[in-house]
Amino acid sequence: MPDYSKLHDLVSHKVSIEYDTGARITGYLTACQPASGRVEFAVLSTVKMIDSQGRVMKEFDELTVCPNVLTGISLDEGPRGRDVR
């Protein structure tokens with residue numbers, strides 16, 4: 001697993017988290033969680049979600065993201081509130 005602990009040095013700086021699709025999230029890094037060691041979550045403020053074309057899709061006052069490499073997606077639970085036949 002890559003070591004993201006260098007993110008601790010970027011707290012209070014404006015950062016850009018880029019994805020393989022070309023999308024990115026920009027904002028001020030306000031905290032890393034846990035507070036020391038390998039970073040699992042990053043808290044950003046004044047956040048912009050930007051698509052691969054450079055368009056701002058959403059803005060948030062604060063957003064917590066996982067800056068780590070995605071290793072898989074799986075179904076946690078089926079649909080709710082309806083019967084599946």
# chains A, B, ... in the order shown; residues from 1 in each chain; ligands from 1

$ residues_around --residues "Ile25 of chain A" --least-positions-apart "3" --cutoff "7 Å" --atoms "only C-alpha atoms" --output "ChimeraX atom specification"
/A:16-18,47-50

$ write_last_selection --atoms "N, CA and C atoms" --output "mmCIF file, in the first residue's frame"
data_model
loop_
_atom_site.group_PDB
_atom_site.id
_atom_site.type_symbol
_atom_site.label_atom_id
_atom_site.label_comp_id
_atom_site.auth_asym_id
_atom_site.auth_seq_id
_atom_site.Cartn_x
_atom_site.Cartn_y
_atom_site.Cartn_z
ATOM 1 N N SER A 16 -4.850 19.622 -5.034
ATOM 2 C CA SER A 16 -5.690 19.062 -6.080
ATOM 3 C C SER A 16 -5.500 17.555 -6.059
ATOM 4 N N ILE A 17 -6.596 16.815 -5.892
ATOM 5 C CA ILE A 17 -6.555 15.348 -5.914
ATOM 6 C C ILE A 17 -7.077 14.935 -7.278
ATOM 7 N N GLU A 18 -6.216 14.316 -8.074
ATOM 8 C CA GLU A 18 -6.552 13.984 -9.455
ATOM 9 C C GLU A 18 -6.826 12.488 -9.596
ATOM 10 N N VAL A 47 -14.198 23.510 -1.358
ATOM 11 C CA VAL A 47 -13.951 22.415 -2.286
ATOM 12 C C VAL A 47 -14.685 22.611 -3.612
ATOM 13 N N LYS A 48 -14.000 22.249 -4.693
ATOM 14 C CA LYS A 48 -14.614 22.212 -6.020
ATOM 15 C C LYS A 48 -14.374 20.834 -6.617
ATOM 16 N N MET A 49 -15.451 20.221 -7.114
ATOM 17 C CA MET A 49 -15.343 18.963 -7.847
ATOM 18 C C MET A 49 -15.363 19.327 -9.325
ATOM 19 N N ILE A 50 -14.303 18.979 -10.035
ATOM 20 C CA ILE A 50 -14.122 19.389 -11.420
ATOM 21 C C ILE A 50 -14.069 18.150 -12.304
#

$ closest_residue --among "A:Ala31, A:Val39, A:Val56, A:Leu10" --to "Val69 of chain A" --atoms "only C-alpha atoms"
A:Val39

$ closest_residue --among "A:Arg24, A:Glu77, A:Asp3, A:Ser52" --to "Val65 of chain A" --atoms "only C-alpha atoms"
A:Arg24

$ select_by_dssp --residues "chain A" --states "strand (DSSP E)" --output "JSON, numbers by chain"
{"A": [14, 15, 16, 17, 18, 24, 25, 26, 27, 28, 29, 30, 31, 32, 33, 41, 42, 43, 44, 45, 46, 47, 48, 49, 50, 56, 57, 58, 59, 60, 61, 62, 63, 64, 65]}

$ closest_residue --among "A:Ser12, A:Ser36, A:Ser74, A:Thr26" --to "Met57 of chain A" --atoms "only C-alpha atoms"
A:Thr26

$ closest_residue --among "A:Val43, A:Ala23, A:Val15, A:Leu7" --to "Phe60 of chain A" --atoms "only C-alpha atoms"
A:Val43

$ decode --residues "segment 36-62 of chain A" --atoms "N, CA and C atoms" --output "mmCIF file, in the first residue's frame"
data_model
loop_
_atom_site.group_PDB
_atom_site.id
_atom_site.type_symbol
_atom_site.label_atom_id
_atom_site.label_comp_id
_atom_site.auth_asym_id
_atom_site.auth_seq_id
_atom_site.Cartn_x
_atom_site.Cartn_y
_atom_site.Cartn_z
ATOM 1 N N SER A 36 -1.711 11.200 12.572
ATOM 2 C CA SER A 36 -0.305 10.871 12.299
ATOM 3 C C SER A 36 -0.250 9.527 11.597
ATOM 4 N N GLY A 37 0.832 9.283 10.909
ATOM 5 C CA GLY A 37 0.998 8.030 10.188
ATOM 6 C C GLY A 37 0.348 8.063 8.825
ATOM 7 N N ARG A 38 -0.014 6.899 8.324
ATOM 8 C CA ARG A 38 -0.603 6.781 6.988
ATOM 9 C C ARG A 38 -1.971 7.448 6.925
ATOM 10 N N VAL A 39 -2.159 8.310 5.946
ATOM 11 C CA VAL A 39 -3.413 9.040 5.792
ATOM 12 C C VAL A 39 -4.446 8.147 5.121
ATOM 13 N N GLU A 40 -5.617 8.020 5.737
ATOM 14 C CA GLU A 40 -6.714 7.254 5.156
ATOM 15 C C GLU A 40 -7.809 8.169 4.638
ATOM 16 N N PHE A 41 -7.979 9.338 5.267
ATOM 17 C CA PHE A 41 -8.979 10.313 4.836
ATOM 18 C C PHE A 41 -8.384 11.705 4.915
ATOM 19 N N ALA A 42 -8.839 12.574 4.012
ATOM 20 C CA ALA A 42 -8.404 13.965 4.002
ATOM 21 C C ALA A 42 -9.645 14.847 4.082
ATOM 22 N N VAL A 43 -9.580 15.879 4.921
ATOM 23 C CA VAL A 43 -10.673 16.833 5.055
ATOM 24 C C VAL A 43 -10.278 18.095 4.292
ATOM 25 N N LEU A 44 -11.129 18.492 3.353
ATOM 26 C CA LEU A 44 -10.864 19.669 2.533
ATOM 27 C C LEU A 44 -11.923 20.728 2.794
ATOM 28 N N SER A 45 -11.550 22.005 2.670
ATOM 29 C CA SER A 45 -12.522 23.093 2.758
ATOM 30 C C SER A 45 -12.469 23.902 1.467
ATOM 31 N N THR A 46 -13.531 24.664 1.214
ATOM 32 C CA THR A 46 -13.673 25.454 -0.017
ATOM 33 C C THR A 46 -13.386 24.541 -1.219
ATOM 34 N N VAL A 47 -14.198 23.510 -1.358
ATOM 35 C CA VAL A 47 -13.951 22.415 -2.286
ATOM 36 C C VAL A 47 -14.685 22.611 -3.612
ATOM 37 N N LYS A 48 -14.000 22.249 -4.693
ATOM 38 C CA LYS A 48 -14.614 22.212 -6.020
ATOM 39 C C LYS A 48 -14.374 20.834 -6.617
ATOM 40 N N MET A 49 -15.451 20.221 -7.114
ATOM 41 C CA MET A 49 -15.343 18.963 -7.847
ATOM 42 C C MET A 49 -15.363 19.327 -9.325
ATOM 43 N N ILE A 50 -14.303 18.979 -10.035
ATOM 44 C CA ILE A 50 -14.122 19.389 -11.420
ATOM 45 C C ILE A 50 -14.069 18.150 -12.304
ATOM 46 N N ASP A 51 -14.882 18.151 -13.377
ATOM 47 C CA ASP A 51 -14.910 16.983 -14.261
ATOM 48 C C ASP A 51 -13.714 16.997 -15.217
ATOM 49 N N SER A 52 -13.615 15.966 -16.053
ATOM 50 C CA SER A 52 -12.471 15.807 -16.952
ATOM 51 C C SER A 52 -12.398 16.899 -18.013
ATOM 52 N N GLN A 53 -13.490 17.643 -18.201
ATOM 53 C CA GLN A 53 -13.511 18.737 -19.174
ATOM 54 C C GLN A 53 -13.170 20.083 -18.529
ATOM 55 N N GLY A 54 -12.913 20.082 -17.217
ATOM 56 C CA GLY A 54 -12.563 21.301 -16.514
ATOM 57 C C GLY A 54 -13.756 22.082 -15.987
ATOM 58 N N ARG A 55 -14.949 21.490 -16.057
ATOM 59 C CA ARG A 55 -16.158 22.156 -15.563
ATOM 60 C C ARG A 55 -16.348 21.873 -14.082
ATOM 61 N N VAL A 56 -16.685 22.910 -13.317
ATOM 62 C CA VAL A 56 -16.984 22.735 -11.895
ATOM 63 C C VAL A 56 -18.360 22.097 -11.789
ATOM 64 N N MET A 57 -18.425 20.896 -11.223
ATOM 65 C CA MET A 57 -19.681 20.152 -11.112
ATOM 66 C C MET A 57 -20.404 20.438 -9.801
ATOM 67 N N LYS A 58 -19.636 20.603 -8.720
ATOM 68 C CA LYS A 58 -20.209 20.871 -7.396
ATOM 69 C C LYS A 58 -19.204 21.631 -6.570
ATOM 70 N N GLU A 59 -19.737 22.372 -5.598
ATOM 71 C CA GLU A 59 -18.890 23.071 -4.635
ATOM 72 C C GLU A 59 -19.391 22.750 -3.229
ATOM 73 N N PHE A 60 -18.457 22.607 -2.296
ATOM 74 C CA PHE A 60 -18.782 22.284 -0.911
ATOM 75 C C PHE A 60 -17.979 23.188 0.019
ATOM 76 N N ASP A 61 -18.552 23.504 1.173
ATOM 77 C CA ASP A 61 -17.793 24.215 2.203
ATOM 78 C C ASP A 61 -16.747 23.291 2.801
ATOM 79 N N GLU A 62 -17.114 22.006 2.974
ATOM 80 C CA GLU A 62 -16.197 21.015 3.528
ATOM 81 C C GLU A 62 -16.541 19.648 2.952
#
